[in-house]
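Enquirer: My structure is in coords01.txt, and what it holds is compact mmCIF, C-alpha atoms and all ligand atoms:
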```
# COMPACT_ATOMS: atom_id res chain seq x y z
CA MET A 636 115.67 -124.10 -73.93
CA GLU A 637 112.70 -125.81 -72.37
CA ASN A 638 114.82 -128.88 -71.65
CA GLN A 639 117.51 -126.80 -70.07
CA ILE A 640 114.97 -125.16 -67.81
CA ASN A 641 113.43 -128.47 -66.82
CA ASN A 642 116.84 -129.93 -66.06
CA VAL A 643 117.73 -127.14 -63.70
CA VAL A 644 114.34 -127.28 -61.96
CA ASN A 645 114.55 -131.05 -61.53
CA GLN A 646 118.06 -130.82 -60.21
CA PHE A 647 116.99 -128.10 -57.81
CA GLU A 648 114.07 -130.16 -56.47
CA GLN A 649 116.26 -133.20 -56.13
CA ASP A 650 118.96 -131.32 -54.24
CA LEU A 651 116.44 -129.60 -52.00
CA LYS A 652 115.04 -132.96 -50.89
CA GLU A 653 118.43 -133.99 -49.56
CA VAL A 654 119.07 -130.87 -47.51
CA LYS A 655 119.32 -131.55 -43.77
CA ASP A 656 120.62 -128.35 -42.30
CA LEU A 657 121.25 -124.67 -42.94
CA LYS A 658 124.80 -125.30 -44.07
CA GLN A 659 123.70 -127.60 -46.90
CA LEU A 660 120.98 -125.13 -47.80
CA GLU A 661 123.57 -122.42 -48.20
CA GLU A 662 125.44 -124.62 -50.69
CA ILE A 663 122.23 -124.88 -52.70
CA ARG A 664 121.77 -121.12 -52.66
CA ILE A 665 125.23 -120.70 -54.14
CA LYS A 666 124.72 -123.45 -56.70
CA PHE A 667 121.38 -122.12 -58.00
CA PHE A 668 120.77 -118.53 -56.97
CA SER A 669 124.17 -116.83 -56.85
CA ARG A 670 125.46 -114.56 -59.58
CA ASN A 671 127.17 -117.49 -61.32
CA GLY A 672 124.49 -119.99 -60.28
CA LEU A 673 122.45 -122.22 -62.55
CA PHE A 674 119.48 -119.84 -62.77
CA ALA A 675 121.78 -116.98 -63.74
CA LYS A 676 123.17 -119.21 -66.46
CA LEU A 677 119.67 -119.90 -67.80
CA PHE A 678 119.11 -116.16 -68.04
CA ASP A 679 122.40 -115.80 -69.95
CA ASP A 680 121.25 -118.45 -72.39
CA PHE A 681 117.87 -116.78 -72.61
CA LYS A 682 119.50 -113.56 -73.77
CA LYS A 683 120.96 -115.38 -76.74
CA LEU A 684 117.56 -116.63 -77.97
CA PRO A 685 116.02 -115.23 -81.14
CA LYS A 686 113.65 -112.37 -80.45
CA GLU A 687 110.42 -114.21 -81.22
CA GLU A 688 111.10 -116.98 -78.66
CA LYS A 689 111.86 -114.58 -75.85
CA PRO A 690 108.35 -113.84 -74.56
CA LYS A 691 107.51 -117.52 -74.14
CA TYR A 692 110.66 -118.55 -72.32
CA GLY A 693 110.98 -115.33 -70.46
CA GLN A 694 107.68 -115.98 -68.72
CA LEU A 695 108.50 -119.61 -68.05
CA LEU A 696 111.92 -118.82 -66.68
CA ASN A 697 110.62 -116.10 -64.40
CA SER A 698 107.87 -118.27 -62.96
CA VAL A 699 110.06 -121.33 -62.28
CA LYS A 700 112.71 -119.20 -60.66
CA LYS A 701 110.11 -117.55 -58.47
CA GLU A 702 108.61 -120.90 -57.47
CA SER A 703 112.02 -122.36 -56.68
CA GLN A 704 112.95 -119.32 -54.66
CA GLN A 705 109.74 -119.76 -52.63
CA LYS A 706 110.48 -123.40 -51.93
CA PHE A 707 113.98 -122.45 -50.90
CA ASP A 708 112.72 -119.73 -48.54
CA GLU A 709 110.19 -122.05 -46.93
CA LEU A 710 112.79 -124.66 -46.21
CA LYS A 711 115.14 -122.03 -44.83
CA LYS A 712 112.46 -120.80 -42.44
CA LYS A 713 111.77 -124.34 -41.27
CA LEU A 714 115.41 -125.18 -40.67
CA SER A 715 116.16 -121.93 -38.77
CA GLY A 716 113.18 -122.57 -36.50
CA GLN A 717 114.55 -126.00 -35.72
CA ALA A 718 118.00 -124.62 -34.99
CA GLN A 719 116.52 -122.15 -32.56
CA LYS A 720 114.50 -124.81 -30.88
CA TYR A 721 117.62 -126.88 -30.50
CA GLU A 722 119.45 -124.01 -28.84
CA LYS A 723 116.63 -123.59 -26.35
CA PHE A 724 116.50 -127.26 -25.57
CA ILE A 725 117.23 -127.97 -21.92
CA ASP A 726 118.58 -131.30 -20.85
CA LEU A 727 116.61 -132.00 -17.69
CA SER A 728 118.81 -134.96 -16.85
CA LEU A 729 121.89 -132.76 -16.29
CA PRO A 730 122.80 -132.17 -12.64
CA GLY A 731 121.66 -128.73 -11.46
CA ARG A 732 123.98 -125.79 -10.89
CA LYS A 733 124.73 -125.37 -7.22
CA HIS A 734 124.30 -121.96 -5.63
CA THR A 735 125.89 -121.41 -2.28
CA ILE A 736 123.39 -119.65 -0.11
CA GLY A 737 124.98 -117.45 2.54
CA SER A 738 124.18 -118.00 6.18
CA LYS A 739 124.32 -115.89 9.29
CA HIS A 740 127.74 -115.50 10.87
CA ILE A 741 128.15 -117.57 14.02
CA LEU A 742 128.50 -114.39 16.09
CA ILE A 743 125.19 -113.04 14.77
CA GLN A 744 123.60 -116.41 15.51
CA THR A 745 124.98 -116.28 19.06
CA ILE A 746 123.77 -112.70 19.61
CA GLU A 747 120.33 -113.73 18.39
CA GLU A 748 120.25 -116.78 20.61
CA ILE A 749 121.22 -114.76 23.70
CA SER A 750 118.81 -111.94 22.77
CA ASP A 751 115.95 -114.42 22.42
CA ILE A 752 116.54 -115.69 25.97
CA PHE A 753 116.34 -112.17 27.38
CA LYS A 754 113.45 -111.15 25.15
CA GLY A 755 111.52 -114.01 26.73
CA LEU A 756 112.12 -112.33 30.10
CA GLY A 757 110.72 -108.99 28.94
CA PHE A 758 113.97 -107.27 27.92
CA SER A 759 113.89 -105.06 24.84
CA ILE A 760 116.83 -104.41 22.51
CA TYR A 761 118.62 -101.08 22.43
CA VAL A 762 121.74 -100.10 20.46
CA GLY A 763 124.23 -97.26 20.65
CA PRO A 764 127.08 -95.99 18.44
CA GLU A 765 130.57 -97.47 18.27
CA LEU A 766 132.14 -94.02 18.25
CA GLU A 767 131.52 -92.80 21.77
CA SER A 768 132.39 -89.87 24.01
CA ASP A 769 134.85 -90.23 26.85
CA ALA A 770 132.03 -88.89 29.02
CA ASN A 771 129.70 -91.82 28.27
CA ASN A 772 132.34 -94.53 27.99
CA PHE A 773 134.13 -93.64 31.26
CA GLU A 774 133.06 -90.55 33.17
CA ALA A 775 129.34 -91.22 33.63
CA LEU A 776 130.19 -94.84 34.49
CA ASN A 777 132.10 -93.67 37.51
CA PHE A 778 135.61 -94.40 36.25
CA PRO A 779 137.99 -92.30 38.33
CA ASP A 780 140.29 -90.08 36.28
CA ASP A 781 143.31 -92.24 36.96
CA HIS A 782 141.61 -95.58 36.24
CA PRO A 783 143.94 -97.86 34.21
CA ALA A 784 141.22 -98.55 31.62
CA ARG A 785 141.58 -94.95 30.50
CA ASP A 786 145.16 -95.62 29.60
CA MET A 787 145.99 -95.13 25.92
CA GLN A 788 147.07 -98.77 25.74
CA ASP A 789 143.55 -100.07 26.11
CA THR A 790 141.56 -97.48 24.29
CA PHE A 791 141.53 -96.32 20.69
CA PHE A 792 141.13 -92.58 21.15
CA VAL A 793 139.93 -90.63 18.12
CA ASN A 794 140.70 -87.30 19.76
CA GLU A 795 140.76 -85.97 23.28
CA ASN A 796 137.03 -86.41 23.82
CA PHE A 797 136.05 -89.25 21.52
CA LEU A 798 137.02 -92.90 21.29
CA LEU A 799 135.94 -96.29 19.96
CA ARG A 800 133.88 -97.61 22.83
CA THR A 801 135.75 -100.15 24.93
CA HIS A 802 132.56 -101.80 26.20
CA THR A 803 128.79 -101.64 25.68
CA SER A 804 128.21 -100.10 29.13
CA PRO A 805 127.98 -96.52 27.71
CA VAL A 806 124.77 -97.62 25.99
CA GLN A 807 123.29 -97.95 29.52
CA ILE A 808 124.07 -94.26 30.00
CA ARG A 809 122.44 -93.30 26.71
CA LEU A 810 119.33 -95.32 27.51
CA MET A 811 118.96 -93.93 31.04
CA LYS A 812 119.44 -90.37 29.77
CA GLU A 813 116.70 -90.96 27.23
CA LYS A 814 114.13 -92.74 29.36
CA GLN A 815 112.97 -92.79 32.96
CA PRO A 816 112.50 -96.18 34.71
CA PRO A 817 111.17 -98.78 34.44
CA ILE A 818 113.97 -99.72 32.02
CA ARG A 819 114.65 -103.29 31.01
CA ALA A 820 116.89 -103.77 27.95
CA ILE A 821 119.84 -105.61 26.49
CA MET A 822 122.35 -103.78 24.32
CA PRO A 823 124.41 -105.82 21.85
CA GLY A 824 127.25 -104.40 19.76
CA LYS A 825 130.89 -104.17 18.75
CA VAL A 826 133.57 -102.92 21.12
CA TYR A 827 137.25 -102.10 20.56
CA ARG A 828 140.39 -102.50 22.61
CA ASN A 829 143.93 -101.59 21.79
CA GLU A 830 145.35 -104.96 22.79
CA ALA A 831 148.00 -107.28 21.39
CA ILE A 832 146.24 -109.74 19.10
CA SER A 833 146.45 -113.37 20.20
CA ALA A 834 144.33 -116.51 20.38
CA LYS A 835 142.65 -114.97 23.42
CA SER A 836 142.21 -111.31 22.53
CA TYR A 837 141.41 -109.30 19.45
CA CYS A 838 141.19 -105.54 18.83
CA LEU A 839 137.48 -105.90 18.06
CA PHE A 840 134.87 -108.08 19.72
CA HIS A 841 131.18 -108.10 20.67
CA GLN A 842 129.43 -107.60 23.96
CA ILE A 843 125.89 -107.74 25.22
CA GLU A 844 125.02 -105.38 28.01
CA GLY A 845 121.96 -105.81 30.21
CA LEU A 846 120.19 -103.25 32.38
CA TYR A 847 117.14 -103.33 34.62
CA VAL A 848 116.17 -100.23 36.59
CA ASP A 849 112.96 -99.91 38.59
CA THR A 850 111.77 -99.47 42.17
CA ASP A 851 112.94 -102.34 44.40
CA VAL A 852 115.21 -104.19 41.95
CA THR A 853 117.29 -106.63 44.03
CA PHE A 854 120.48 -108.63 43.73
CA ALA A 855 118.36 -111.78 44.13
CA GLU A 856 116.52 -110.89 40.92
CA LEU A 857 119.84 -110.38 39.16
CA LYS A 858 120.97 -113.81 40.32
CA GLY A 859 117.72 -115.47 39.28
CA THR A 860 117.86 -113.89 35.83
CA LEU A 861 121.48 -114.84 35.17
CA VAL A 862 121.09 -118.41 36.42
CA TYR A 863 118.09 -118.81 34.14
CA PHE A 864 120.15 -117.40 31.26
CA ALA A 865 123.11 -119.75 31.91
CA LYS A 866 120.79 -122.75 31.99
CA MET A 867 119.09 -121.75 28.75
CA LEU A 868 122.39 -121.25 26.94
CA PHE A 869 124.54 -124.02 28.39
CA GLY A 870 121.93 -126.54 29.51
CA GLU A 871 119.88 -127.25 32.63
CA ASN A 872 122.78 -128.99 34.38
CA VAL A 873 125.32 -126.19 34.02
CA LYS A 874 127.44 -125.72 37.18
CA TYR A 875 127.88 -122.03 38.04
CA ARG A 876 129.12 -119.72 40.77
CA PHE A 877 128.89 -116.01 41.60
CA ARG A 878 132.24 -114.60 42.65
CA SER A 879 132.56 -111.11 44.12
CA SER A 880 134.40 -108.66 41.91
CA PHE A 881 134.82 -104.96 41.19
CA PHE A 882 133.51 -102.63 38.49
CA PRO A 883 133.42 -98.84 38.87
CA PHE A 884 129.78 -98.66 37.79
CA THR A 885 128.30 -101.39 40.02
CA GLU A 886 128.20 -101.92 43.75
CA PRO A 887 128.25 -104.68 44.82
CA SER A 888 129.80 -106.33 41.75
CA ALA A 889 130.22 -109.98 40.84
CA GLU A 890 131.43 -112.23 38.10
CA VAL A 891 129.72 -115.43 37.03
CA ASP A 892 131.81 -118.50 36.30
CA ILE A 893 130.66 -121.78 34.80
CA TRP A 894 132.37 -125.12 35.27
CA TRP A 895 134.03 -126.13 32.03
CA GLN A 896 134.76 -129.79 31.47
CA PRO A 897 136.32 -130.58 28.08
CA LYS A 898 136.30 -134.28 27.19
CA GLY A 899 139.43 -136.07 28.44
CA LYS A 900 140.85 -132.89 29.99
CA GLU A 901 140.84 -131.35 33.41
CA GLY A 902 137.78 -129.20 34.17
CA ARG A 903 138.03 -125.60 35.39
CA TRP A 904 135.99 -122.52 36.25
CA LEU A 905 135.60 -120.03 33.38
CA GLU A 906 134.29 -116.50 33.74
CA ILE A 907 131.32 -115.78 31.48
CA LEU A 908 130.14 -112.33 32.56
CA GLY A 909 130.38 -109.37 34.92
CA CYS A 910 127.42 -107.95 36.80
CA GLY A 911 126.25 -105.99 39.81
CA MET A 912 123.84 -103.45 41.24
CA VAL A 913 124.03 -100.13 39.38
CA ASP A 914 126.13 -97.75 41.50
CA PRO A 915 123.93 -94.90 42.86
CA ASN A 916 126.52 -92.45 41.47
CA VAL A 917 125.76 -93.71 37.96
CA LEU A 918 122.03 -93.23 38.45
CA GLU A 919 122.62 -89.69 39.68
CA ASN A 920 124.94 -88.97 36.72
CA VAL A 921 122.03 -89.60 34.33
CA GLY A 922 119.38 -87.85 36.41
CA ILE A 923 117.63 -90.86 37.93
CA ASP A 924 116.67 -90.57 41.59
CA SER A 925 118.84 -93.16 43.36
CA GLU A 926 116.70 -92.95 46.51
CA LYS A 927 113.66 -94.09 44.57
CA TYR A 928 115.19 -96.47 42.05
CA THR A 929 117.65 -99.33 42.08
CA GLY A 930 118.94 -101.37 39.20
CA TYR A 931 121.15 -104.21 38.12
CA ALA A 932 123.45 -104.49 35.13
CA PHE A 933 125.49 -107.16 33.46
CA GLY A 934 127.84 -107.47 30.52
CA MET A 935 129.19 -110.44 28.60
CA GLY A 936 131.48 -111.15 25.67
CA VAL A 937 129.76 -112.78 22.70
CA GLU A 938 132.90 -114.42 21.29
CA ARG A 939 133.54 -115.90 24.72
CA MET A 940 130.06 -117.46 24.77
CA ALA A 941 130.41 -118.87 21.26
CA MET A 942 133.89 -120.24 22.03
CA LEU A 943 132.57 -122.05 25.10
CA LYS A 944 129.46 -123.30 23.41
CA TYR A 945 131.15 -124.63 20.29
CA GLY A 946 134.61 -125.53 21.62
CA ILE A 947 136.46 -122.87 19.60
CA ASN A 948 139.90 -122.10 21.02
CA ASP A 949 141.10 -119.13 18.97
CA ILE A 950 139.16 -115.84 18.88
CA ARG A 951 140.76 -114.81 15.57
CA VAL A 952 138.78 -117.37 13.55
CA PHE A 953 135.65 -115.25 13.95
CA PHE A 954 137.23 -112.50 11.88
CA ASP A 955 139.27 -114.47 9.33
CA ASN A 956 136.35 -115.04 6.94
CA ASP A 957 137.56 -118.56 6.30
CA PHE A 958 134.75 -120.38 4.56
CA ARG A 959 135.82 -123.72 6.07
CA PHE A 960 135.15 -122.32 9.54
CA LEU A 961 132.05 -120.27 8.73
CA SER A 962 130.25 -123.01 6.83
CA GLN A 963 130.24 -125.26 9.91
CA PHE A 964 127.48 -123.22 11.51
N1 LIG A 1001 131.73 -103.40 30.91
C1 LIG A 1001 132.38 -104.54 31.52
C2 LIG A 1001 133.58 -104.96 30.65
O1 LIG A 1001 133.65 -104.58 29.54
C3 LIG A 1001 131.45 -105.68 31.65
C4 LIG A 1001 130.40 -105.44 32.67
C5 LIG A 1001 130.58 -105.81 33.97
C6 LIG A 1001 129.22 -104.82 32.33
C7 LIG A 1001 129.64 -105.59 34.93
C8 LIG A 1001 128.24 -104.59 33.29
C9 LIG A 1001 128.48 -104.99 34.61
O2 LIG A 1001 127.08 -104.00 33.01
O3 LIG A 1001 127.52 -104.75 35.53
O4 LIG A 1001 134.39 -105.70 31.11
```
Represent the structure from my file as structure tokens, please.
Expert:
Amino acid sequence: MENQINNVVNQFEQDLKEVKDLKQLEEIRIKFFSRNGLFAKLFDDFKKLPKEEKPKYGQLLNSVKKESQQKFDELKKKLSGQAQKYEKFIDLSLPGRKHTIGSKHILIQTIEEISDIFKGLGFSIYVGPELESDANNFEALNFPDDHPARDMQDTFFVNENFLLRTHTSPVQIRLMKEKQPPIRAIMPGKVYRNEAISAKSYCLFHQIEGLYVDTDVTFAELKGTLVYFAKMLFGENVKYRFRSSFFPFTEPSAEVDIWWQPKGKEGRWLEILGCGMVDPNVLENVGIDSEKYTGYAFGMGVERMAMLKYGINDIRVFFDNDFRFLSQF
């Protein structure tokens, strides 16, 4: 019996030395410790021993099995630790995973660029809602009842009295109703028009409105401000002109054109904004004394500015969400 026990123990130690991973260790568990394993067999043989030999071998058998089991457990612990370490191992030589970081939309960038120019001149930022009353969008701005801009074709009416604003000019009205002069602010935001969609027009676009109301505001100041703005946005050498125009809410009114010279093509004048002296009727409509105060206003399309600045020739690309376009800016 003693020989048998020694044989199994030796074999166990020998086998254990050769184990390299958990899979091989499992084979050893089956070979020695399972129900039909070699230790179980020793116990079977032990049962057949004569009674007087039992105490001696019983003790021996129990202690070698316990010792072997301990050695087995230790090795198992060691190997599992290594396996875990291996799983956590990071190969620092692998190329990193790329994350695409979003960026500001080109229209937001353009609004910010324009806002910064006016902020430098002391203008603050004011915003109004996109759902607007007919009263603010048209009436207070001196649009006669039969003005074509009130036509259903141009305006998305929500009901008889409310609409999606067709321009940012109603924000002027809101601001003047809220605050007495001096007022100096720009008002960026989305506007809506019920127009056929093409490369040139879209049902949604952005405008920036400007308003300055105080005692003794003059057309010369308006000109100076807008020329400064055009130079900041399009460069010191920009060629510009003021052309007389008409808007219901300004008198006199003008439009500003800049000379556009694409490479290898014929140059031409392009309108960049509308402006004028706030019509006294408008001031009276919001409760500002038009004898005491004068003001100027202007309004420009943001898409228009971005298209000129970056040579974009289709307004629809701003709203397509095409990554190939957006990621250029
Ligand atoms: N609201 C005009 C439009 O949408 C633009 C405009 C022109 C705004 C002249 C003004 C202005 O404030 O003075 O076409």
Enquirer: One number please: atom CA of A:Lys676 to atom CA of A:Leu660, in Å, one decimal.
Expert: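 Distance reported for this atom pair: 19.7 Å.
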Enquirer: Considering only C-alpha atoms, tabulate each residue of stretch 716-799 of chain A that lies at most 10 Å from stretch 866-871 of chain A along with its nearest interatomic pair and the corresponding distance in Å to one decimal; arrange the rows by chain and ascending residue number and present them as a tab-separated table.
Expert:
```
residue	atom	partner	partner_atom	distance
A:Thr745	CA	A:Leu868	CA	9.7
A:Glu748	CA	A:Leu868	CA	8.0
A:Ile749	CA	A:Leu868	CA	7.3
A:Ile752	CA	A:Met867	CA	7.1
```
Enquirer: I want to know what sits within 7 Å of stretch 775-778 of chain A, based on all atoms listed in the file, with residues of the same chain fewer than 3 positions away left out; could you give that as a list in words?
Expert: Ala770, Asn771, Asn772, His782, Pro883, Phe884, Asn916, Val917 and Asn920 of chain A
Enquirer: Show me, as JSON, numbers by chain, the residues that have an atom within 7 Å of stretch 947-963 of chain A when counting all atoms listed in the file, minus same-chain residues fewer than 3 positions from it.
Expert: {"A": [740, 834, 835, 836, 837, 938, 942, 943]}
Enquirer: Counting only C-alpha atoms and all ligand atoms, figure out which residue out of A:Glu844, A:Asp924, A:Asp914, A:Glu919 gets nearest to ligand LIG 1001 (chain A).
Expert: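 Selected residue with least distance to ligand LIG 1001 (chain A): A:Glu844.
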